[in-house]
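*Asks:* So here's start30.cif, just mmCIF, C-alpha atoms:
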data_input
#
loop_
_atom_site.label_atom_id
_atom_site.label_comp_id
_atom_site.auth_asym_id
_atom_site.auth_seq_id
_atom_site.Cartn_x
_atom_site.Cartn_y
_atom_site.Cartn_z
CA MET A 1 0.00 0.00 0.00
CA SER A 2 1.46 3.39 -0.97
CA ASP A 3 1.83 6.30 1.41
CA ASP A 4 0.82 9.64 -0.13
CA ARG A 5 3.01 11.47 2.41
CA PHE A 6 5.91 10.42 0.21
CA ALA A 7 4.30 11.10 -3.19
CA PHE A 8 6.33 14.29 -3.47
CA GLU A 9 5.20 15.01 -7.02
CA LYS A 10 1.71 15.60 -5.57
CA PHE A 11 2.91 18.26 -3.10
CA ALA A 12 0.14 20.86 -3.28
CA PRO A 13 1.19 24.51 -3.45
CA ARG A 14 -0.15 26.21 -0.34
CA ALA A 15 0.96 28.58 2.35
CA MET A 16 3.60 26.88 4.43
CA THR A 17 3.29 26.87 8.18
CA PHE A 18 6.11 25.97 10.53
CA ARG A 19 5.95 24.54 14.03
CA ILE A 20 8.54 25.89 16.43
CA SER A 21 9.46 25.23 20.01
CA ARG A 22 9.57 27.91 22.68
CA ARG A 23 13.36 27.75 22.51
CA GLN A 24 13.25 28.59 18.79
CA PHE A 25 10.70 31.39 19.16
CA TRP A 26 13.07 34.18 20.24
CA SER A 27 15.67 33.23 17.67
CA LEU A 28 13.02 33.21 14.94
CA LEU A 29 11.66 36.56 16.11
CA TRP A 30 15.14 38.12 15.98
CA THR A 31 15.82 36.59 12.55
CA ARG A 32 12.56 37.90 11.12
CA TYR A 33 13.26 41.34 12.55
CA SER A 34 16.75 41.29 11.02
CA VAL A 35 15.43 40.18 7.62
CA ALA A 36 12.72 42.85 7.63
CA ARG A 37 15.25 45.50 8.63
CA ALA A 38 17.70 44.40 5.92
CA ALA A 39 14.94 44.47 3.30
CA THR A 40 14.01 47.99 4.38
CA TYR A 41 17.57 49.10 3.70
CA GLY A 42 17.84 47.46 0.28
CA GLY A 43 18.86 43.93 1.25
CA ASP A 44 17.33 40.74 -0.05
CA ALA A 45 14.71 39.00 2.03
CA LEU A 46 13.45 35.45 1.63
CA SER A 47 10.32 34.20 3.29
CA LEU A 48 10.41 30.42 3.38
CA GLU A 49 6.67 30.48 3.93
CA ALA A 50 6.25 32.04 0.48
CA LEU A 51 8.29 29.43 -1.44
CA CYS A 52 5.19 27.39 -2.31
CA GLN A 53 3.82 30.35 -4.17
CA TRP A 54 6.93 30.96 -6.29
CA PRO A 55 6.66 30.06 -9.99
CA ASP A 56 8.55 26.97 -11.09
CA GLU A 57 10.98 29.06 -13.15
CA GLN A 58 12.11 30.86 -9.98
CA LEU A 59 12.18 27.71 -7.82
CA ALA A 60 14.23 25.91 -10.50
CA GLN A 61 17.15 28.28 -9.84
CA LEU A 62 17.36 27.52 -6.11
CA MET A 63 20.21 25.43 -4.75
CA PRO A 64 18.83 23.42 -1.83
CA GLY A 65 21.06 22.37 1.02
CA ILE A 66 20.67 20.64 4.35
CA LEU A 67 20.78 23.06 7.27
CA PRO A 68 23.94 23.11 9.38
CA GLY A 69 23.64 20.98 12.49
CA CYS A 70 21.00 18.69 11.01
CA GLN A 71 21.72 15.03 11.66
CA ILE A 72 20.65 12.65 8.90
CA THR A 73 20.28 8.99 9.87
CA LEU A 74 18.75 5.75 8.62
CA GLN A 75 16.27 4.13 10.98
CA ASP A 76 13.72 1.40 10.36
CA GLY A 77 13.90 1.81 6.60
CA PHE A 78 13.54 5.60 6.63
CA VAL A 79 15.90 8.48 6.09
CA CYS A 80 15.40 10.66 9.16
CA GLY A 81 16.44 14.17 10.04
CA GLN A 82 16.94 15.81 13.40
CA MET A 83 17.95 19.35 14.23
CA PRO A 84 19.76 20.00 17.54
CA GLY A 85 17.16 19.90 20.31
CA GLY A 86 14.47 18.77 17.87
CA SER A 87 12.52 15.59 17.32
CA LEU A 88 13.60 12.84 14.97
CA LEU A 89 11.54 13.17 11.78
CA ARG A 90 10.95 10.47 9.19
CA LEU A 91 11.67 12.24 5.91
CA PHE A 92 11.12 9.45 3.36
CA PRO A 93 11.63 5.70 2.84
CA HIS A 94 15.27 4.87 2.09
CA ASP A 95 14.33 2.80 -0.98
CA SER A 96 12.41 5.60 -2.72
CA PRO A 97 13.54 7.92 -5.52
CA ALA A 98 13.68 10.60 -2.82
CA LEU A 99 17.10 9.26 -1.76
CA THR A 100 18.63 10.02 -5.16
CA THR A 101 16.99 13.45 -5.12
CA PHE A 102 18.05 14.16 -1.54
CA ASN A 103 21.67 13.20 -2.20
CA LEU A 104 21.84 15.88 -4.90
CA MET A 105 20.64 18.61 -2.49
CA ASN A 106 24.17 19.71 -1.69
CA GLY A 107 23.84 23.50 -1.85
CA TYR A 108 25.58 23.62 -5.25
CA THR A 109 23.05 21.93 -7.55
CA THR A 110 19.88 23.73 -8.64
CA LEU A 111 16.44 22.17 -8.46
CA ALA A 112 16.41 22.21 -12.29
CA GLU A 113 19.70 20.26 -12.41
CA ILE A 114 18.44 17.77 -9.82
CA ALA A 115 15.25 17.23 -11.83
CA ALA A 116 17.29 16.73 -15.02
CA GLU A 117 19.33 14.05 -13.26
CA LEU A 118 16.11 12.29 -12.16
CA THR A 119 14.90 12.38 -15.76
CA ARG A 120 18.14 10.74 -16.86
CA VAL A 121 18.45 8.17 -14.04
CA LEU A 122 14.79 7.20 -13.55
CA ALA A 123 13.56 7.76 -17.12
CA TRP A 124 10.80 10.05 -15.88
CA ASP A 125 9.52 12.86 -18.06
CA GLU A 126 10.81 16.35 -17.24
CA ALA A 127 7.54 17.61 -15.73
CA HIS A 128 7.25 14.64 -13.35
CA SER A 129 10.93 14.90 -12.35
CA PHE A 130 10.64 18.60 -11.54
CA ALA A 131 7.34 18.16 -9.65
CA TYR A 132 8.94 15.42 -7.54
CA THR A 133 12.10 17.44 -6.90
CA ARG A 134 10.11 20.56 -6.00
CA GLY A 135 7.79 18.57 -3.71
CA LEU A 136 10.63 16.88 -1.85
CA PHE A 137 12.47 20.19 -1.43
CA LEU A 138 9.40 21.98 -0.07
CA SER A 139 8.61 19.05 2.23
CA LEU A 140 12.14 19.21 3.62
CA VAL A 141 11.82 22.96 4.12
CA LEU A 142 8.58 22.35 6.05
CA ALA A 143 10.34 19.70 8.12
CA GLY A 144 12.97 22.31 9.01
CA VAL A 145 15.97 20.42 7.65
CA CYS A 146 16.53 22.12 4.28
CA ALA A 147 16.73 25.64 2.86
CA PRO A 148 17.90 27.33 -0.32
CA ARG A 149 21.59 28.26 -0.31
CA ASN A 150 21.15 30.97 -2.93
CA MET A 151 18.68 33.49 -4.25
CA PRO A 152 17.79 33.81 -7.94
#
Before we go any further, please render this structure as structure tokens.
*Replies:*
Amino acid sequence: MSDDRFAFEKFAPRAMTFRISRRQFWSLLWTRYSVARAATYGGDALSLEALCQWPDEQLAQLMPGILPGCQITLQDGFVCGQMPGGSLLRLFPHDSPALTTFNLMNGYTTLAEIAAELTRVLAWDEAHSFAYTRGLFLSLVLAGVCAPRNMP
């Protein structure tokens, strides 16, 4: 029986909501203040919550990477992620195409390049490969273990 939680190509664009602990609240508040202040003075600002609403052409240019401090492990047939002080999260089954996709999320490879590699390796069409890559990336952002390393 398949588990739709891991059908990343079906990831529905929607506003992203994040769960945070009390410990993370003050850090997040300071970060958001700093980002807003930098944007006011001409800096770039990225709202991870808005990523789901970006067009594919813009998302395709992002270079996803695993956040510093995140521990990635294999447990009970799943690739799991855990941030310091956080819970262990099942990210995807280790025998799924997500593993190939995940291994290419190194902070240097764009989502478009990752999708092209899936097309080559898995013989998927380009649209399916990009939808899967985008869905996995956004799911990992929601899980709090991944973020873009660049801005288009």
*Asks:* Could you tell me which residues the PyMOL selection byres ((chain A and resi 56-66) around 8) grabs in this file, written as a CSV table (one decimal) with C-alpha atoms, keeping the file's coordinate frame?
*Replies:*
chain,number,residue,atom,x,y,z
A,51,LEU,CA,8.3,29.4,-1.4
A,54,TRP,CA,6.9,31.0,-6.3
A,55,PRO,CA,6.7,30.1,-10.0
A,67,LEU,CA,20.8,23.1,7.3
A,68,PRO,CA,23.9,23.1,9.4
A,70,CYS,CA,21.0,18.7,11.0
A,105,MET,CA,20.6,18.6,-2.5
A,106,ASN,CA,24.2,19.7,-1.7
A,107,GLY,CA,23.8,23.5,-1.8
A,108,TYR,CA,25.6,23.6,-5.2
A,109,THR,CA,23.0,21.9,-7.6
A,110,THR,CA,19.9,23.7,-8.6
A,111,LEU,CA,16.4,22.2,-8.5
A,112,ALA,CA,16.4,22.2,-12.3
A,134,ARG,CA,10.1,20.6,-6.0
A,137,PHE,CA,12.5,20.2,-1.4
A,145,VAL,CA,16.0,20.4,7.6
A,146,CYS,CA,16.5,22.1,4.3
A,147,ALA,CA,16.7,25.6,2.9
A,148,PRO,CA,17.9,27.3,-0.3
A,149,ARG,CA,21.6,28.3,-0.3
A,150,ASN,CA,21.2,31.0,-2.9
A,151,MET,CA,18.7,33.5,-4.2
A,152,PRO,CA,17.8,33.8,-7.9
*Asks:* I need the residue set behind the PyMOL selection byres ((chain A and resi 84-86) around 8) for this file; please write it as a compact mmCIF listing (two decimals) with C-alpha atoms, keeping the file's coordinate frame.
*Replies:*
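The result, stored in part.txt:
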# COMPACT_ATOMS: atom_id res chain seq x y z
CA GLY A 69 23.64 20.98 12.49
CA CYS A 70 21.00 18.69 11.01
CA GLN A 71 21.72 15.03 11.66
CA GLN A 82 16.94 15.81 13.40
CA MET A 83 17.95 19.35 14.23
CA SER A 87 12.52 15.59 17.32
CA LEU A 88 13.60 12.84 14.97
*Asks:* Quick check, in Å to one decimal: how far apart do CA of Glu9 in chain A and CA of His128 in chain A lie?
*Replies:*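 Going from CA of Glu9 in chain A over to CA of His128 in chain A, I get 6.7 Å.
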*Asks:* So what does the PyMOL selection byres ((chain A and resi 80) around 9) actually pick up in this one, as a VMD selection string?
*Replies:* chain A and resid 71 to 75 78 to 79 81 to 82 88 to 93
*Asks:* At what distance in Å, to one decimal, does CA of Lys10 in chain A lie from CA of Trp124 in chain A?
*Replies:*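 Straight-line distance from CA of Trp124 in chain A to CA of Lys10 in chain A works out to 14.8 Å.
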*Asks:* Would you please work out which residue, of A:Val121, A:Leu142, A:Leu136, A:Ala50, is nearest to Ala98 in chain A when using only C-alpha atoms?
*Replies:*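 Of the candidates, the smallest distance to Ala98 in chain A is held by A:Leu136.
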*Asks:* Enter the distance from CA of Ala116 in chain A to CA of Ser96 in chain A, in Å, rounded to one decimal.
*Replies:*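 CA of Ala116 in chain A sits 17.3 Å away from CA of Ser96 in chain A.
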*Asks:* Check the smallest atom-to-atom distance from each of A:Leu99, A:Ala127, A:Ala115, A:His94 to Asp76 in chain A using only C-alpha atoms, then report the winner.
*Replies:*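 Closest to Asp76 in chain A of all the choices is A:His94.
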